[in-house]
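One structure is given below, encoded as structure tokens.
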Amino acid sequence: MSETALMVAIVDLALEAELRHRTEQGEFIRPLAVAPLVSYSWLLSYCRERKIRSRNCHHTAESRERALIAVQDDGLPIRLAAKSAGMSKSAVHRIVMKRRKSMVDSVDEVGFETVPPYRCPEHGKTTLRPCPACAAMR
Ligand SMILES: [Zn+2]
């Protein structure tokens with residue numbers, strides 16, 4: 001075995017051991033990728049080959065809240081909010097949609113009447129009265 005091949009084998013063993021240890025501690029694979037050195041897709045296929053799986057642990061209330069704040073208050077896209085909270089995009093999307101639905105459901109019914117098209121002085125053409133945009137801002 002050449003010296004280079006030996007080095008590669010040692011690095012490979014160390015990487016595998018480290019990934020196994022970290023995923024057993026409950027860490028997710030995604031944040032372990034250090035782009036552009038080790039891309040997530042490369043790491044994912046590496047882990048898949050060696051049957052290294054991140055534990056299927058539920059997110060804490062704290063990480064859910066952090067993701068929600070990132071999307072709602074900081075206006076981050078779901079991708080970045082997921083990264084900052086260490087969650088998957090689909091998990092963050094699910095949480096955001098659940099919150100959004102609960103907020104929409106809690107709003108009182110607004111009675112709209114369909115009328116011939118008219119122009120709201122602020123929001124332009126509409127066929128509803130009152131103007132939905134004006135009603136939403138009240
Ligand atoms: Zn209006």
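Chains: A, B, ... in order of the structure tokens. Residues: from 1 per chain. Ligands: from 1, in order shown.
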
May I have the residues within 12 Å of region 2-16 of chain A as a PDB file with C-alpha atoms, in the first residue's frame, using only C-alpha atoms and disregarding those fewer than 3 positions away in the same chain?
ATOM      1  CA  LEU A  19     -19.795  10.931  11.624  1.00  0.00           C
ATOM      2  CA  ARG A  20     -21.013   7.846  13.464  1.00  0.00           C
ATOM      3  CA  HIS A  21     -20.251   9.417  16.817  1.00  0.00           C
ATOM      4  CA  ARG A  22     -21.916  12.716  15.988  1.00  0.00           C
ATOM      5  CA  THR A  23     -25.078  11.224  14.524  1.00  0.00           C
ATOM      6  CA  LEU A  32     -21.868  18.684   9.348  1.00  0.00           C
ATOM      7  CA  ALA A  33     -21.219  19.497   5.708  1.00  0.00           C
ATOM      8  CA  VAL A  38     -17.411  18.727   1.827  1.00  0.00           C
ATOM      9  CA  LEU A  43     -21.665  13.694   2.701  1.00  0.00           C
ATOM     10  CA  TYR A  46     -20.987   8.869   1.963  1.00  0.00           C
ATOM     11  CA  CYS A  47     -23.256   8.285   4.971  1.00  0.00           C
ATOM     12  CA  ARG A  48     -25.717   6.271   2.902  1.00  0.00           C
ATOM     13  CA  GLU A  49     -22.952   3.971   1.645  1.00  0.00           C
ATOM     14  CA  ARG A  50     -21.760   3.305   5.180  1.00  0.00           C
ATOM     15  CA  LYS A  51     -25.247   3.136   6.651  1.00  0.00           C
ATOM     16  CA  ILE A  52     -24.672   6.103   8.950  1.00  0.00           C
ATOM     17  CA  ARG A  53     -28.018   7.589   9.857  1.00  0.00           C
TER      18      ARG A  53
END

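Here the residues within region 5-138 of chain A that DSSP labels strand (DSSP E or B) on the basis of the backbone are Val34, Val38, Glu113, Thr114, Val115, Pro116, Pro117, Tyr118, Arg119, Cys120, Gly124, Lys125, Thr126, Thr127, Leu128 and Arg129 of chain A.
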
Next, dump the selected residues to file, keeping only N, CA and C atoms, as a short mmCIF file (atom, residue, chain, number, x, y, z; two decimals), in the first residue's frame.
data_model
loop_
_atom_site.label_atom_id
_atom_site.label_comp_id
_atom_site.auth_asym_id
_atom_site.auth_seq_id
_atom_site.Cartn_x
_atom_site.Cartn_y
_atom_site.Cartn_z
N VAL A 34 -19.29 20.92 5.32
CA VAL A 34 -18.56 22.19 5.33
C VAL A 34 -18.27 22.59 3.88
N VAL A 38 -16.62 19.96 1.81
CA VAL A 38 -17.41 18.73 1.83
C VAL A 38 -18.86 19.13 1.59
N GLU A 113 -68.97 41.66 -0.32
CA GLU A 113 -70.10 41.68 -1.24
C GLU A 113 -69.51 41.86 -2.63
N THR A 114 -69.98 41.02 -3.57
CA THR A 114 -69.50 41.18 -4.94
C THR A 114 -70.26 42.31 -5.61
N VAL A 115 -69.52 43.23 -6.14
CA VAL A 115 -70.15 44.41 -6.76
C VAL A 115 -69.54 44.61 -8.15
N PRO A 116 -70.14 45.41 -8.99
CA PRO A 116 -69.50 45.70 -10.28
C PRO A 116 -68.12 46.30 -10.04
N PRO A 117 -67.18 46.04 -10.92
CA PRO A 117 -65.81 46.53 -10.70
C PRO A 117 -65.78 48.01 -10.39
N TYR A 118 -65.00 48.37 -9.41
CA TYR A 118 -64.79 49.78 -9.10
C TYR A 118 -63.35 49.96 -8.70
N ARG A 119 -62.93 51.16 -8.54
CA ARG A 119 -61.53 51.44 -8.25
C ARG A 119 -61.39 51.96 -6.83
N CYS A 120 -60.67 51.20 -5.98
CA CYS A 120 -60.34 51.69 -4.64
C CYS A 120 -59.29 52.78 -4.84
N GLY A 124 -56.59 50.22 -6.18
CA GLY A 124 -56.94 49.95 -7.57
C GLY A 124 -58.20 49.14 -7.74
N LYS A 125 -58.30 48.52 -8.93
CA LYS A 125 -59.53 47.87 -9.34
C LYS A 125 -59.86 46.65 -8.47
N THR A 126 -61.13 46.56 -8.08
CA THR A 126 -61.59 45.39 -7.33
C THR A 126 -63.07 45.17 -7.60
N THR A 127 -63.52 43.95 -7.32
CA THR A 127 -64.95 43.66 -7.50
C THR A 127 -65.59 43.31 -6.16
N LEU A 128 -64.85 43.54 -5.09
CA LEU A 128 -65.37 43.25 -3.76
C LEU A 128 -65.54 44.55 -2.98
N ARG A 129 -66.55 44.56 -2.14
CA ARG A 129 -66.75 45.72 -1.29
C ARG A 129 -66.97 45.21 0.12
#

Exercise. Quick one: residues within 12 Å of Arg66 (chain A), only C-alpha atoms counted, chain neighbours fewer than 2 positions away excluded, as a ChimeraX atom specification?
Worked result: /A:59-64,68-74,76,78,80-87,92,95-96

For this session: Could you give me, as JSON, numbers by chain, every polymer residue with an atom at most 7 Å away from an atom of ligand 1, counting only C-alpha atoms and all ligand atoms?
Result: {"A": [120, 121, 122, 123, 124, 131, 132, 133, 134]}

Produce a file of the selected residues containing C-alpha atoms, as an mmCIF file, in the first residue's frame.
data_model
loop_
_atom_site.group_PDB
_atom_site.id
_atom_site.type_symbol
_atom_site.label_atom_id
_atom_site.label_comp_id
_atom_site.auth_asym_id
_atom_site.auth_seq_id
_atom_site.Cartn_x
_atom_site.Cartn_y
_atom_site.Cartn_z
ATOM 1 C CA CYS A 120 -60.344 51.692 -4.641
ATOM 2 C CA PRO A 121 -58.502 55.015 -4.369
ATOM 3 C CA GLU A 122 -55.564 53.266 -2.710
ATOM 4 C CA HIS A 123 -55.436 49.746 -4.152
ATOM 5 C CA GLY A 124 -56.936 49.951 -7.571
ATOM 6 C CA CYS A 131 -61.788 46.612 -0.718
ATOM 7 C CA PRO A 132 -60.082 43.448 0.653
ATOM 8 C CA ALA A 133 -56.728 45.240 1.012
ATOM 9 C CA CYS A 134 -58.290 48.076 2.985
#

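For the choices A:Ala67, A:Ala17, A:Ala35, A:Met137, the atom-to-atom distance to Ser88 (chain A) is smallest for A:Ala67 when using only C-alpha atoms.
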
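Put simply, CA of Gly75 (chain A) is 19.9 Å away from CA of Ala136 (chain A).
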
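Taking CA of Leu44 (chain A) and CA of Arg30 (chain A) as the two end points, the separation is 8.0 Å.
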
Exercise. Could you pull out all residues of chain A with a DSSP call of helix (DSSP H, G or I) and give them as JSON, numbers by chain?
Worked result: {"A": [3, 4, 5, 6, 7, 8, 9, 10, 11, 12, 13, 14, 15, 16, 17, 18, 19, 20, 21, 22, 23, 24, 30, 31, 32, 40, 41, 42, 43, 44, 45, 46, 47, 48, 49, 61, 62, 63, 64, 65, 66, 67, 68, 69, 70, 71, 72, 78, 79, 80, 81, 82, 83, 84, 85, 89, 90, 91, 92, 93, 94, 95, 96, 97, 98, 99, 100, 101, 102, 103, 104, 105, 106, 132, 133, 134, 135, 136, 137]}
